[in-house]
Amino acid sequence: MREIVFDTETTGLSPNDGHRLVEIGCVELVNKVDTGRHFHAYFNPDRTMPIEAEQVHGLSIHFLADKPRFGEQAHLLLDFIGDSPLVAHNATFDFGFLNWELGDCGHPPVCMTRMVDTLAIARTRHPGAKHSLDALCSRYGIDRSHRVKHGALLDAQLLAQLYVELTGGRQIGFALKSDVPAGGAFLLAGQSVPVRPAKVRPPRGHAASEAELTAHAAFVSGLVDPLWAAGRPLG
């Protein structure tokens, strides 16, 4: 199954207030495995950048001035995402900007039935906990030490790891019993992976030594009125 994990950076909180999308990063997963394929682009928003937004993602108008408009890259983005489900954290925010930008340049919106919201999944799995991307990465041991500021592609890569953990982790498809014979192979993301025969170590004895038995008997003999004494009711 192919899925696209994506993240956006914007000039503000709502396109209805005149804010625009300035960066998008997409990561391709196939059967919950990162294929290494991604789409990443910056966009000139044709407006000023509020200082509050720049402090979050570090993208200045000076940096974005020579970048293409969203409409110039929309066909490349649409080709990449295809008809796959789209995974985002607080997905209604990202879908809102994505669909506004698509509509502004004459493309139909992405159907909301394709939306997978990791924030909603996290709230179900961990009620009452913190559900920010940073907090969830810490919970699942995902390294985010290189995340100084928000960045769409970096955040999409982190979210892809988090999404895998939220939906079963590294044990997706794991079974305690395997029907694959020794020397056979299983499929992982469409690739044949050989099965190595397990090495069985002979059992080791765990009986108490004579010295341990003697020490135990001496300890028990010193107990006063033990529960198992003859004739004493238990319970």
# chains A, B, ... in the order shown; residues from 1 in each chain; ligands from 1
call {"tool": "residues_around", "arguments": {"residues": "range 10-25 of chain A", "least_positions_apart": "6", "cutoff": "7 Å", "atoms": "only C-alpha atoms", "output": "PyMOL selection string"}}
result
chain A and resi 39-45+49-50+53+97+100+152-153+156
call {"tool": "atom_distance", "arguments": {"atom1": "CA of Ser138 in chain A", "atom2": "CA of Leu162 in chain A"}}
result
10.0 Å
call {"tool": "select_by_dssp", "arguments": {"residues": "range 66-177 of chain A", "states": "alpha helix (DSSP H)", "output": "PyMOL selection string"}}
result
chain A and resi 70-81+91-104+118-125+133-139+152-166
call {"tool": "atom_distance", "arguments": {"atom1": "CA of Asn90 in chain A", "atom2": "CA of Ala120 in chain A"}}
result
7.5 Å
call {"tool": "closest_residue", "arguments": {"among": "A:Ala208, A:Met1, A:Gly36, A:His57", "to": "His150 in chain A", "atoms": "only C-alpha atoms"}}
result
A:His57
call {"tool": "residues_around", "arguments": {"residues": "Leu29 in chain A", "least_positions_apart": "4", "cutoff": "8 Å", "atoms": "only C-alpha atoms", "output": "ChimeraX atom specification"}}
result
/A:1-5,33-35,160
call {"tool": "write_last_selection", "arguments": {"atoms": "N, CA and C atoms", "output": "short mmCIF file (atom, residue, chain, number, x, y, z; two decimals), in the first residue's frame"}}
result
data_model
loop_
_atom_site.label_atom_id
_atom_site.label_comp_id
_atom_site.auth_asym_id
_atom_site.auth_seq_id
_atom_site.Cartn_x
_atom_site.Cartn_y
_atom_site.Cartn_z
N MET A 1 0.84 -1.20 0.00
CA MET A 1 0.00 0.00 0.00
C MET A 1 0.87 1.24 0.00
N ARG A 2 0.61 2.17 -0.90
CA ARG A 2 1.37 3.41 -1.00
C ARG A 2 0.65 4.52 -0.22
N GLU A 3 1.41 5.23 0.62
CA GLU A 3 0.89 6.37 1.37
C GLU A 3 1.90 7.51 1.28
N ILE A 4 1.40 8.72 1.37
CA ILE A 4 2.25 9.91 1.35
C ILE A 4 2.11 10.64 2.68
N VAL A 5 3.23 10.79 3.38
CA VAL A 5 3.27 11.57 4.62
C VAL A 5 3.77 12.97 4.25
N VAL A 33 6.99 1.34 4.78
CA VAL A 33 8.43 1.43 4.65
C VAL A 33 8.78 2.66 3.82
N ASP A 34 9.67 3.51 4.32
CA ASP A 34 10.12 4.69 3.60
C ASP A 34 10.93 4.25 2.38
N THR A 35 10.46 4.63 1.20
CA THR A 35 11.14 4.20 -0.03
C THR A 35 12.33 5.08 -0.39
N ALA A 160 6.80 10.42 9.34
CA ALA A 160 6.71 9.10 8.72
C ALA A 160 7.13 8.02 9.72
#
call {"tool": "atom_distance", "arguments": {"atom1": "CA of Tyr140 in chain A", "atom2": "CA of Phe6 in chain A"}}
result
19.3 Å
call {"tool": "residues_around", "arguments": {"residues": "Glu165 in chain A", "least_positions_apart": "3", "cutoff": "10 Å", "atoms": "only C-alpha atoms", "output": "ChimeraX atom specification"}}
result
/A:32,136-137,140-142,159-162,168-172
call {"tool": "write_last_selection", "arguments": {"atoms": "N, CA and C atoms", "output": "PDB file, in the first residue's frame"}}
result
ATOM      1  N   LYS A  32       4.272   0.799   4.757  1.00  0.00           N
ATOM      2  CA  LYS A  32       4.839   1.424   5.954  1.00  0.00           C
ATOM      3  C   LYS A  32       6.372   1.472   5.943  1.00  0.00           C
ATOM      4  N   LEU A 136       5.648  13.413  20.852  1.00  0.00           N
ATOM      5  CA  LEU A 136       5.433  12.046  20.390  1.00  0.00           C
ATOM      6  C   LEU A 136       6.730  11.397  19.919  1.00  0.00           C
ATOM      7  N   CYS A 137       7.608  12.186  19.323  1.00  0.00           N
ATOM      8  CA  CYS A 137       8.920  11.646  18.947  1.00  0.00           C
ATOM      9  C   CYS A 137       9.685  11.210  20.200  1.00  0.00           C
ATOM     10  N   TYR A 140       8.296   7.895  21.522  1.00  0.00           N
ATOM     11  CA  TYR A 140       8.628   6.703  20.743  1.00  0.00           C
ATOM     12  C   TYR A 140      10.120   6.582  20.440  1.00  0.00           C
ATOM     13  N   GLY A 141      10.930   7.432  21.047  1.00  0.00           N
ATOM     14  CA  GLY A 141      12.374   7.309  20.876  1.00  0.00           C
ATOM     15  C   GLY A 141      12.866   7.656  19.486  1.00  0.00           C
ATOM     16  N   ILE A 142      12.196   8.577  18.806  1.00  0.00           N
ATOM     17  CA  ILE A 142      12.595   8.998  17.457  1.00  0.00           C
ATOM     18  C   ILE A 142      13.546  10.188  17.582  1.00  0.00           C
ATOM     19  N   LEU A 159       7.610  12.539  10.921  1.00  0.00           N
ATOM     20  CA  LEU A 159       6.227  12.083  11.031  1.00  0.00           C
ATOM     21  C   LEU A 159       6.057  10.699  10.407  1.00  0.00           C
ATOM     22  N   ALA A 160       6.799  10.421   9.339  1.00  0.00           N
ATOM     23  CA  ALA A 160       6.715   9.098   8.721  1.00  0.00           C
ATOM     24  C   ALA A 160       7.134   8.022   9.722  1.00  0.00           C
ATOM     25  N   GLN A 161       8.208   8.288  10.479  1.00  0.00           N
ATOM     26  CA  GLN A 161       8.646   7.336  11.507  1.00  0.00           C
ATOM     27  C   GLN A 161       7.589   7.213  12.605  1.00  0.00           C
ATOM     28  N   LEU A 162       7.035   8.362  13.005  1.00  0.00           N
ATOM     29  CA  LEU A 162       6.020   8.350  14.058  1.00  0.00           C
ATOM     30  C   LEU A 162       4.773   7.599  13.604  1.00  0.00           C
ATOM     31  N   GLY A 168       1.534   0.437  14.604  1.00  0.00           N
ATOM     32  CA  GLY A 168       2.022  -0.916  14.800  1.00  0.00           C
ATOM     33  C   GLY A 168       3.504  -1.034  14.985  1.00  0.00           C
ATOM     34  N   GLY A 169       4.223   0.025  14.674  1.00  0.00           N
ATOM     35  CA  GLY A 169       5.657   0.046  14.903  1.00  0.00           C
ATOM     36  C   GLY A 169       6.421  -0.935  14.060  1.00  0.00           C
ATOM     37  N   ARG A 170       7.579  -1.330  14.562  1.00  0.00           N
ATOM     38  CA  ARG A 170       8.468  -2.203  13.801  1.00  0.00           C
ATOM     39  C   ARG A 170       7.968  -3.633  13.756  1.00  0.00           C
ATOM     40  N   GLN A 171       6.832  -3.921  14.446  1.00  0.00           N
ATOM     41  CA  GLN A 171       6.307  -5.289  14.451  1.00  0.00           C
ATOM     42  C   GLN A 171       5.090  -5.429  13.550  1.00  0.00           C
ATOM     43  N   ILE A 172       4.904  -4.481  12.591  1.00  0.00           N
ATOM     44  CA  ILE A 172       3.813  -4.625  11.636  1.00  0.00           C
ATOM     45  C   ILE A 172       4.009  -5.943  10.885  1.00  0.00           C
TER      46      ILE A 172
END
call {"tool": "closest_residue", "arguments": {"among": "A:Asp66, A:Asp143, A:Asp134, A:Asp79", "to": "Cys26 in chain A", "atoms": "only C-alpha atoms"}}
result
A:Asp79
call {"tool": "closest_residue", "arguments": {"among": "A:Leu64, A:Arg47, A:Leu166, A:Phe219", "to": "Arg123 in chain A", "atoms": "only C-alpha atoms"}}
result
A:Leu166
call {"tool": "residues_around", "arguments": {"residues": "Ser60 in chain A", "least_positions_apart": "5", "cutoff": "9 Å", "atoms": "only C-alpha atoms", "output": "JSON, numbers by chain"}}
result
{"A": [48, 49, 51, 54, 65]}
